[in-house]
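**Q** One file is attached below, final_21.csv, containing CSV, C-alpha atoms and all ligand atoms.
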```
chain,number,residue,atom,x,y,z
A,1,MET,CA,139.4,107.9,166.3
A,2,ASP,CA,139.4,110.0,163.2
A,3,THR,CA,138.5,108.3,159.9
A,4,VAL,CA,138.4,108.9,156.2
A,5,HIS,CA,135.7,107.1,154.2
A,6,VAL,CA,135.3,106.0,150.6
A,7,GLU,CA,131.7,104.8,150.1
A,8,GLY,CA,130.2,103.0,147.1
A,9,LEU,CA,133.3,102.9,144.9
A,10,LYS,CA,132.3,101.0,141.8
A,11,VAL,CA,134.9,98.9,140.0
A,12,ASP,CA,134.2,96.6,137.1
A,13,ALA,CA,136.3,93.5,137.6
A,14,MET,CA,136.9,89.9,136.4
A,15,ILE,CA,135.7,88.1,139.5
A,16,GLY,CA,134.2,84.8,140.4
A,17,VAL,CA,134.6,81.1,140.8
A,18,PHE,CA,132.9,80.1,137.5
A,19,GLU,CA,134.6,80.2,134.1
A,20,TRP,CA,132.0,82.5,132.6
A,21,GLU,CA,132.7,85.1,135.2
A,22,HIS,CA,136.2,85.5,133.8
A,23,GLU,CA,134.9,86.3,130.4
A,24,GLN,CA,133.0,89.5,131.3
A,25,PRO,CA,133.5,92.1,134.0
A,26,GLN,CA,131.1,92.4,136.9
A,27,PRO,CA,130.7,95.4,139.2
A,28,LEU,CA,132.1,95.4,142.7
A,29,ILE,CA,131.1,98.0,145.2
A,30,ILE,CA,133.8,98.9,147.7
A,31,ASP,CA,133.4,100.7,151.0
A,32,LEU,CA,136.5,101.8,153.0
A,33,VAL,CA,136.8,103.2,156.5
A,34,MET,CA,140.4,104.2,157.3
A,35,ALA,CA,141.9,105.5,160.5
A,36,TRP,CA,143.7,108.8,160.0
A,37,ASP,CA,144.5,111.6,162.5
A,38,GLN,CA,143.0,114.7,160.9
A,39,LYS,CA,144.5,117.3,163.3
A,40,LEU,CA,147.6,118.2,161.2
A,41,ALA,CA,145.8,118.3,157.9
A,42,ALA,CA,143.1,120.5,159.4
A,43,LYS,CA,145.6,122.8,161.1
A,44,THR,CA,147.7,123.3,157.9
A,45,ASP,CA,145.0,123.0,155.3
A,46,ASP,CA,147.5,120.9,153.4
A,47,ILE,CA,146.5,117.9,151.2
A,48,LYS,CA,150.0,116.4,151.8
A,49,LEU,CA,149.1,115.8,155.4
A,50,ALA,CA,145.7,114.4,154.7
A,51,LEU,CA,144.8,110.8,153.6
A,52,ASP,CA,143.9,111.6,150.0
A,53,TYR,CA,140.7,109.7,149.3
A,54,ASP,CA,141.0,110.4,145.6
A,55,ALA,CA,144.5,108.8,145.5
A,56,VAL,CA,143.2,105.9,147.5
A,57,SER,CA,140.3,105.4,145.2
A,58,ARG,CA,142.4,105.4,142.1
A,59,ALA,CA,144.9,102.9,143.7
A,60,VAL,CA,142.1,100.5,144.7
A,61,THR,CA,140.6,100.6,141.2
A,62,GLU,CA,144.0,99.9,139.6
A,63,LEU,CA,144.6,97.0,142.0
A,64,VAL,CA,141.2,95.4,141.5
A,65,GLN,CA,141.4,95.6,137.7
A,66,LYS,CA,145.0,94.3,137.5
A,67,GLN,CA,144.1,90.5,137.3
A,68,PRO,CA,141.1,88.1,137.6
A,69,ARG,CA,140.4,86.6,141.0
A,70,GLN,CA,137.9,84.0,142.2
A,71,LEU,CA,136.8,85.3,145.6
A,72,ILE,CA,135.7,88.7,146.8
A,73,GLU,CA,137.6,87.7,150.1
A,74,THR,CA,140.9,87.8,148.1
A,75,VAL,CA,140.0,91.3,146.7
A,76,ALA,CA,139.3,92.6,150.2
A,77,GLU,CA,142.6,91.2,151.7
A,78,GLU,CA,144.6,92.6,148.8
A,79,ILE,CA,143.0,96.1,149.1
A,80,ALA,CA,143.6,96.1,152.9
A,81,ALA,CA,147.3,95.2,152.5
A,82,MET,CA,147.9,97.7,149.7
A,83,ILE,CA,146.3,100.6,151.5
A,84,ARG,CA,148.1,99.8,154.8
A,85,GLU,CA,151.5,99.7,153.0
A,86,THR,CA,151.1,102.4,150.4
A,87,PHE,CA,149.3,105.0,152.5
A,88,SER,CA,150.6,104.1,156.0
A,89,VAL,CA,147.1,103.5,157.3
A,90,ALA,CA,147.2,101.9,160.8
A,91,TRP,CA,143.7,100.4,160.7
A,92,LEU,CA,141.0,100.0,158.2
A,93,ARG,CA,137.7,98.3,157.4
A,94,VAL,CA,137.1,97.0,153.8
A,95,LYS,CA,133.8,95.9,152.5
A,96,VAL,CA,133.5,94.3,149.0
A,97,ALA,CA,130.0,93.8,147.7
A,98,LYS,CA,129.0,91.9,144.5
A,99,PRO,CA,125.5,93.2,143.6
A,100,THR,CA,125.0,90.9,140.6
A,101,ALA,CA,126.0,87.6,142.3
A,102,VAL,CA,122.7,86.4,143.8
A,103,LYS,CA,119.7,87.3,141.8
A,104,GLU,CA,117.3,87.3,144.9
A,105,ALA,CA,119.6,89.5,147.0
A,106,PHE,CA,120.2,93.2,146.8
A,107,GLN,CA,123.9,92.4,147.1
A,108,VAL,CA,126.3,90.0,148.8
A,109,ALA,CA,129.5,91.1,150.5
A,110,VAL,CA,132.4,90.4,152.7
A,111,GLN,CA,133.9,92.8,155.3
A,112,ILE,CA,137.3,92.7,157.0
A,113,GLU,CA,139.1,94.9,159.5
A,114,ARG,CA,142.9,94.9,159.6
A,115,GLY,CA,145.5,96.7,161.8
A,116,ARG,CA,145.3,98.4,165.1
A,117,LYS,CA,142.8,101.1,165.9
A,118,LEU,CA,144.2,104.5,166.9
A,119,ASP,CA,143.2,106.2,170.2
B,201,LIG,N1,132.2,83.7,150.3
B,201,LIG,C1,132.1,83.7,148.9
B,201,LIG,N2,131.1,82.9,148.3
B,201,LIG,C2,131.0,82.9,147.0
B,201,LIG,C3,131.9,83.7,146.2
B,201,LIG,C4,132.8,84.5,146.8
B,201,LIG,O1,133.6,85.3,146.2
B,201,LIG,N3,132.9,84.5,148.2
B,201,LIG,N4,131.7,83.7,144.8
B,201,LIG,C5,130.8,83.0,144.2
B,201,LIG,C6,130.5,83.0,142.8
B,201,LIG,O2,131.6,83.6,142.1
B,201,LIG,C7,129.2,83.7,142.6
B,201,LIG,O3,129.4,85.1,142.9
B,201,LIG,C8,128.6,83.6,141.2
B,201,LIG,O4,127.3,84.1,141.2
B,201,LIG,C9,129.9,82.0,145.0
B,201,LIG,N5,130.1,82.1,146.4
```
For the file at hand, write its structure as structure tokens.

**A**
Amino acid sequence: MDTVHVEGLKVDAMIGVFEWEHEQPQPLIIDLVMAWDQKLAAKTDDIKLALDYDAVSRAVTELVQKQPRQLIETVAEEIAAMIRETFSVAWLRVKVAKPTAVKEAFQVAVQIERGRKLD
């Protein structure tokens, strides 16, 4: 299965279950793996036939910054639904990490996979 990746996308967001977390943004680090058949894009050398990782990254940043949320699980689900619908991605993996959440940990994260894998 061919895939397109976005790794380490940093988005400052209002995120958390505590009140103070809605008063100042915290960084989220987002990793995406998205199924996309590369054959047509490679054959034609045409961005219109590729899954544009720049457009995906901008859309994810806009979505995450749109409103405050409590859980990183909610962020992951909303990202997955938006990418599947807006970019016609059949399958994807979304990881959302919150590096400042647990002082003793390098970072904490959730990861989900949605859709059906391509052959
Ligand atoms: N599974 C989760 N656990 C926790 C979350 C979360 O989003 N998902 N969030 C918090 C707090 O907001 C925490 O990050 C504050 O440091 C606690 N547990």

**Q** Under the rule that all atoms listed in the file are counted, which of A:Leu32, A:Met14, A:Lys66, A:Thr61 is the nearest residue to Gln111 (chain A)?

**A**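 The shortest atom-to-atom distance to Gln111 (chain A) comes from A:Leu32.
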
**Q** With distances taken over only C-alpha atoms and all ligand atoms, which of A:Gln67, A:Gln24, A:Thr74, A:Thr3 is nearest to ligand LIG 201 (chain B)?

**A** A:Thr74

**Q** What's around Leu9 (chain A) at 10 Å? Count all atoms listed in the file, leave out sequence neighbours fewer than 2 positions away in its own chain, and write the answer as a PDB file with C-alpha atoms, in the coordinates of the input.

**A**
```
ATOM      1  CA  VAL A   6     135.300 106.000 150.600  1.00  0.00           C
ATOM      2  CA  GLU A   7     131.700 104.800 150.100  1.00  0.00           C
ATOM      3  CA  VAL A  11     134.900  98.900 140.000  1.00  0.00           C
ATOM      4  CA  PRO A  27     130.700  95.400 139.200  1.00  0.00           C
ATOM      5  CA  LEU A  28     132.100  95.400 142.700  1.00  0.00           C
ATOM      6  CA  ILE A  29     131.100  98.000 145.200  1.00  0.00           C
ATOM      7  CA  ILE A  30     133.800  98.900 147.700  1.00  0.00           C
ATOM      8  CA  ASP A  31     133.400 100.700 151.000  1.00  0.00           C
ATOM      9  CA  LEU A  32     136.500 101.800 153.000  1.00  0.00           C
ATOM     10  CA  SER A  57     140.300 105.400 145.200  1.00  0.00           C
ATOM     11  CA  ARG A  58     142.400 105.400 142.100  1.00  0.00           C
ATOM     12  CA  VAL A  60     142.100 100.500 144.700  1.00  0.00           C
ATOM     13  CA  THR A  61     140.600 100.600 141.200  1.00  0.00           C
ATOM     14  CA  VAL A  96     133.500  94.300 149.000  1.00  0.00           C
TER      15      VAL A  96
END
```

**Q** I'd like to know which of A:Ile79, A:Trp20, A:Arg116, A:Val102 is closest to Gln65 (chain A), using all atoms listed in the file.

**A**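 Once distances to Gln65 (chain A) are computed over all atoms listed in the file, the minimum belongs to A:Ile79.
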
**Q** With all atoms listed in the file counted, collect every polymer residue having an atom within 8 Å of ligand LIG 201 (chain B); state the result as a CSV table (one decimal) with C-alpha atoms, in the frame of the given file.

**A**
```csv
chain,number,residue,atom,x,y,z
A,15,ILE,CA,135.7,88.1,139.5
A,16,GLY,CA,134.2,84.8,140.4
A,17,VAL,CA,134.6,81.1,140.8
A,18,PHE,CA,132.9,80.1,137.5
A,21,GLU,CA,132.7,85.1,135.2
A,70,GLN,CA,137.9,84.0,142.2
A,71,LEU,CA,136.8,85.3,145.6
A,72,ILE,CA,135.7,88.7,146.8
A,73,GLU,CA,137.6,87.7,150.1
A,74,THR,CA,140.9,87.8,148.1
A,98,LYS,CA,129.0,91.9,144.5
A,100,THR,CA,125.0,90.9,140.6
A,101,ALA,CA,126.0,87.6,142.3
A,102,VAL,CA,122.7,86.4,143.8
A,109,ALA,CA,129.5,91.1,150.5
A,110,VAL,CA,132.4,90.4,152.7
```

**Q** Calculate how many Å separate CA of Val94 (chain A) from CA of Asp37 (chain A), rounding to one decimal.

**A** 18.5 Å

**Q** Near Ile83 (chain A), counting all atoms listed in the file, which residues have an atom at most 12 Å away, once you skip same-chain residues fewer than 5 positions from it, shown as a PDB file with C-alpha atoms, in the coordinates of the input?

**A**
```pdb
ATOM      1  CA  LEU A  32     136.500 101.800 153.000  1.00  0.00           C
ATOM      2  CA  VAL A  33     136.800 103.200 156.500  1.00  0.00           C
ATOM      3  CA  MET A  34     140.400 104.200 157.300  1.00  0.00           C
ATOM      4  CA  ALA A  35     141.900 105.500 160.500  1.00  0.00           C
ATOM      5  CA  LEU A  51     144.800 110.800 153.600  1.00  0.00           C
ATOM      6  CA  ASP A  52     143.900 111.600 150.000  1.00  0.00           C
ATOM      7  CA  TYR A  53     140.700 109.700 149.300  1.00  0.00           C
ATOM      8  CA  ALA A  55     144.500 108.800 145.500  1.00  0.00           C
ATOM      9  CA  VAL A  56     143.200 105.900 147.500  1.00  0.00           C
ATOM     10  CA  SER A  57     140.300 105.400 145.200  1.00  0.00           C
ATOM     11  CA  ARG A  58     142.400 105.400 142.100  1.00  0.00           C
ATOM     12  CA  ALA A  59     144.900 102.900 143.700  1.00  0.00           C
ATOM     13  CA  VAL A  60     142.100 100.500 144.700  1.00  0.00           C
ATOM     14  CA  THR A  61     140.600 100.600 141.200  1.00  0.00           C
ATOM     15  CA  LEU A  63     144.600  97.000 142.000  1.00  0.00           C
ATOM     16  CA  ALA A  76     139.300  92.600 150.200  1.00  0.00           C
ATOM     17  CA  GLU A  77     142.600  91.200 151.700  1.00  0.00           C
ATOM     18  CA  GLU A  78     144.600  92.600 148.800  1.00  0.00           C
ATOM     19  CA  SER A  88     150.600 104.100 156.000  1.00  0.00           C
ATOM     20  CA  VAL A  89     147.100 103.500 157.300  1.00  0.00           C
ATOM     21  CA  ALA A  90     147.200 101.900 160.800  1.00  0.00           C
ATOM     22  CA  TRP A  91     143.700 100.400 160.700  1.00  0.00           C
ATOM     23  CA  LEU A  92     141.000 100.000 158.200  1.00  0.00           C
ATOM     24  CA  ARG A  93     137.700  98.300 157.400  1.00  0.00           C
ATOM     25  CA  VAL A  94     137.100  97.000 153.800  1.00  0.00           C
ATOM     26  CA  ARG A 114     142.900  94.900 159.600  1.00  0.00           C
ATOM     27  CA  GLY A 115     145.500  96.700 161.800  1.00  0.00           C
TER      28      GLY A 115
END
```

**Q** What is the distance between CA of Ala42 (chain A) and CA of Glu85 (chain A), in Å to one decimal?

**A** 23.3 Å

**Q** Enter the distance from CA of Val4 (chain A) to CA of Gln38 (chain A), in Å, rounded to one decimal.

**A**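 Straight-line distance from CA of Val4 (chain A) to CA of Gln38 (chain A) works out to 8.8 Å.
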